[in-house]
Amino acid sequence: MAKLAFLGLGVMGYPMAGHLQGAGHDVTVYNRTTAKAEKWVAQYGGAMAQTPGDAAKGAAMVMACVGNDDDLRAVCLGDNGAFAGMDAGALFVDHTTVSAAVTRELHDAAATGGIGFVDAPVSGGQAGAENGALSVMCGGSQDNYDAAEAVIGAYAKMCKRIGDSGSGQMTKMCNQIAIAGVVQGLSEALHFAQKAGLDGRAVVEVISQGAAGSWQMSNRYETMLDDHFDHGFAVDWMRKDLEICLSTADDNGASLPLTALVDQFYKDVQKLGGGRWDTSSLLKRLQAMG
């Protein structure tokens, strides 16, 4: 068991930190909104701190799950940042989905203080975080990964090192690219079924057992058919992730025509007022078109 810190108590970080405390670790949390940290302590025990640096003091490992590149820099750097509070030999594990560029930047900044760094973005959504069943894709040195893996196991069903620093983030980009195409295909299939006068549930019951089956189909078709999208991974966050994918593709020469198209479809969903809807709300866009 270890002394840990967890920075960021959003829909993912809140239950992830809870799993760590439940596994017997001594967890101190930090959240930009103090009320959320107070609620977490009341529910799980542990402790809270007023700054990332205070949370990180004395911690063998510091986890973060915040919003974007700038949020991650804010909790890592500066006089009140986590790196300032961490001891040499401690390990920082970043679960935020960010650019590989900021990952490498912070990896190097951590290294100057003798701090290890593992980029470890996650997939599995809020349900995966709550159930301790996330897939975690990691980048960093083998030694740092080995130290992190056992602790990450408190909320992961799958954890794997892909390669050096930034490899975890690159793998998360692959994940989001694949999801974008799958959700658009599922939306078109359900829209087509509705236009054809078919029972969408009966259709999915059959096709989900064949080559068309996917996690998205199994976990999202009912809410899509029920016109329920106030849950899950928000369109605003998906657009943030796809922007990272497309920008990185510009750098490495990858061609992502479908991803670019679906990103614009999500922009249409935002215009419909669905920025906080689940990513499966691509179906709403098709329905709005007639």
# chains A, B, ... in the order shown; residues from 1 in each chain; ligands from 1
call {"tool": "select_by_dssp", "arguments": {"residues": "stretch 225-289 of chain A", "states": "alpha helix (DSSP H)", "output": "VMD selection string"}}
result
chain A and resid 225 235 to 252 257 to 271 282 to 288
call {"tool": "residues_around", "arguments": {"residues": "stretch 20-22 of chain A", "least_positions_apart": "4", "cutoff": "9 Å", "atoms": "only C-alpha atoms", "output": "list in words"}}
result
Leu4, Pro15, Met16, Asp26, Val27, Tyr44, Gly45, Gly46, Val151, Ile152, Ala154 and Tyr155 of chain A
call {"tool": "closest_atom_pairs", "arguments": {"of": "stretch 58-137 of chain A", "to": "stretch 243-251 of chain A", "cutoff": "10 Å", "atoms": "only C-alpha atoms", "output": "JSON lines"}}
result
{"residue": "A:Thr97", "atom": "CA", "partner": "A:Ile244", "partner_atom": "CA", "distance": 9.2}
{"residue": "A:Val98", "atom": "CA", "partner": "A:Ile244", "partner_atom": "CA", "distance": 7.4}
{"residue": "A:Ser99", "atom": "CA", "partner": "A:Ile244", "partner_atom": "CA", "distance": 5.9}
{"residue": "A:Ala100", "atom": "CA", "partner": "A:Thr248", "partner_atom": "CA", "distance": 8.3}
{"residue": "A:Ala101", "atom": "CA", "partner": "A:Thr248", "partner_atom": "CA", "distance": 9.1}
call {"tool": "write_last_selection", "arguments": {"atoms": "C-alpha atoms", "output": "short mmCIF file (atom, residue, chain, number, x, y, z; two decimals), in the first residue's frame"}}
result
data_model
loop_
_atom_site.label_atom_id
_atom_site.label_comp_id
_atom_site.auth_asym_id
_atom_site.auth_seq_id
_atom_site.Cartn_x
_atom_site.Cartn_y
_atom_site.Cartn_z
CA THR A 97 -6.23 12.57 -22.85
CA VAL A 98 -3.82 15.21 -24.12
CA SER A 99 -1.43 15.75 -27.00
CA ALA A 100 1.71 13.67 -27.24
CA ALA A 101 3.61 16.97 -27.45
#
call {"tool": "residues_around", "arguments": {"residues": "A:Glu149", "least_positions_apart": "6", "cutoff": "12 Å", "atoms": "only C-alpha atoms", "output": "list in words"}}
result
Met61, Leu91, Val93, Val118, Asp119, Ala120, Ser135, Val136, Met137, Cys138, Gly139, Gly140, Gln142, Asp143, Tyr155, Ala156, Lys157, Met158, Cys159, Lys160 and Arg161 of chain A
call {"tool": "residues_around", "arguments": {"residues": "A:Ala193", "least_positions_apart": "2", "cutoff": "12 Å", "atoms": "only C-alpha atoms", "output": "list in words"}}
result
Leu186, Ser187, Glu188, Ala189, Leu190, His191, Lys195, Ala196, Gly197, Leu198, Asp199, Gly200, Arg201, Ala202, Val203, Val204, Ile207, Leu225, Leu283 and Gln287 of chain A
call {"tool": "write_last_selection", "arguments": {"atoms": "N, CA, C and O atoms", "output": "tab-separated table (two decimals), in the first residue's frame"}}
result
chain	number	residue	atom	x	y	z
A	186	LEU	N	-22.96	3.16	-36.64
A	186	LEU	CA	-24.10	2.70	-35.84
A	186	LEU	C	-25.27	3.68	-35.97
A	186	LEU	O	-26.43	3.26	-36.11
A	187	SER	N	-24.98	4.97	-35.94
A	187	SER	CA	-26.03	5.98	-36.07
A	187	SER	C	-26.75	5.86	-37.41
A	187	SER	O	-27.99	5.93	-37.49
A	188	GLU	N	-25.98	5.66	-38.47
A	188	GLU	CA	-26.59	5.52	-39.79
A	188	GLU	C	-27.43	4.25	-39.88
A	188	GLU	O	-28.51	4.26	-40.48
A	189	ALA	N	-26.96	3.17	-39.26
A	189	ALA	CA	-27.73	1.91	-39.29
A	189	ALA	C	-29.06	2.07	-38.57
A	189	ALA	O	-30.12	1.63	-39.08
A	190	LEU	N	-29.04	2.69	-37.39
A	190	LEU	CA	-30.29	2.86	-36.64
A	190	LEU	C	-31.22	3.86	-37.34
A	190	LEU	O	-32.44	3.67	-37.35
A	191	HIS	N	-30.64	4.90	-37.93
A	191	HIS	CA	-31.44	5.86	-38.68
A	191	HIS	C	-32.11	5.18	-39.88
A	191	HIS	O	-33.30	5.39	-40.15
A	195	LYS	N	-36.14	4.70	-40.67
A	195	LYS	CA	-36.75	5.12	-41.93
A	195	LYS	C	-37.41	3.96	-42.66
A	195	LYS	O	-38.40	4.15	-43.39
A	196	ALA	N	-36.87	2.76	-42.45
A	196	ALA	CA	-37.43	1.58	-43.11
A	196	ALA	C	-38.60	0.98	-42.34
A	196	ALA	O	-39.18	-0.02	-42.79
A	197	GLY	N	-38.93	1.56	-41.20
A	197	GLY	CA	-40.06	1.06	-40.42
A	197	GLY	C	-39.75	-0.21	-39.66
A	197	GLY	O	-40.67	-0.95	-39.27
A	198	LEU	N	-38.45	-0.45	-39.37
A	198	LEU	CA	-38.05	-1.66	-38.65
A	198	LEU	C	-38.00	-1.40	-37.14
A	198	LEU	O	-37.84	-0.27	-36.69
A	199	ASP	N	-38.12	-2.49	-36.39
A	199	ASP	CA	-37.95	-2.43	-34.94
A	199	ASP	C	-36.45	-2.40	-34.66
A	199	ASP	O	-35.75	-3.41	-34.83
A	200	GLY	N	-35.95	-1.23	-34.21
A	200	GLY	CA	-34.52	-1.07	-34.01
A	200	GLY	C	-33.94	-2.06	-33.02
A	200	GLY	O	-32.83	-2.57	-33.22
A	201	ARG	N	-34.68	-2.38	-31.98
A	201	ARG	CA	-34.18	-3.34	-30.99
A	201	ARG	C	-34.05	-4.73	-31.58
A	201	ARG	O	-33.08	-5.45	-31.31
A	202	ALA	N	-35.02	-5.11	-32.38
A	202	ALA	CA	-34.94	-6.42	-33.03
A	202	ALA	C	-33.77	-6.47	-34.01
A	202	ALA	O	-33.07	-7.49	-34.12
A	203	VAL	N	-33.56	-5.37	-34.72
A	203	VAL	CA	-32.45	-5.31	-35.67
A	203	VAL	C	-31.12	-5.51	-34.93
A	203	VAL	O	-30.28	-6.31	-35.33
A	204	VAL	N	-30.94	-4.78	-33.84
A	204	VAL	CA	-29.68	-4.86	-33.10
A	204	VAL	C	-29.51	-6.23	-32.46
A	204	VAL	O	-28.39	-6.76	-32.41
A	207	ILE	N	-28.06	-8.22	-35.49
A	207	ILE	CA	-26.78	-7.84	-36.10
A	207	ILE	C	-25.66	-7.72	-35.07
A	207	ILE	O	-24.48	-7.82	-35.42
A	225	LEU	N	-32.01	4.68	-29.26
A	225	LEU	CA	-33.38	4.47	-29.70
A	225	LEU	C	-34.39	5.18	-28.80
A	225	LEU	O	-35.48	5.55	-29.23
A	283	LEU	N	-26.72	10.30	-33.99
A	283	LEU	CA	-28.04	9.92	-34.52
A	283	LEU	C	-28.97	11.13	-34.55
A	283	LEU	O	-29.77	11.28	-35.49
A	287	GLN	N	-31.34	12.58	-37.66
A	287	GLN	CA	-32.77	12.78	-37.52
A	287	GLN	C	-33.16	14.23	-37.80
A	287	GLN	O	-34.21	14.50	-38.40
call {"tool": "atom_distance", "arguments": {"atom1": "atom CA of A:Ala60", "atom2": "atom CA of A:Phe117"}}
result
12.1 Å
call {"tool": "residues_around", "arguments": {"residues": "A:Leu72", "least_positions_apart": "3", "cutoff": "9 Å", "atoms": "only C-alpha atoms", "output": "PyMOL selection string"}}
result
chain A and resi 64-69+75-77+94+96+98+102+106
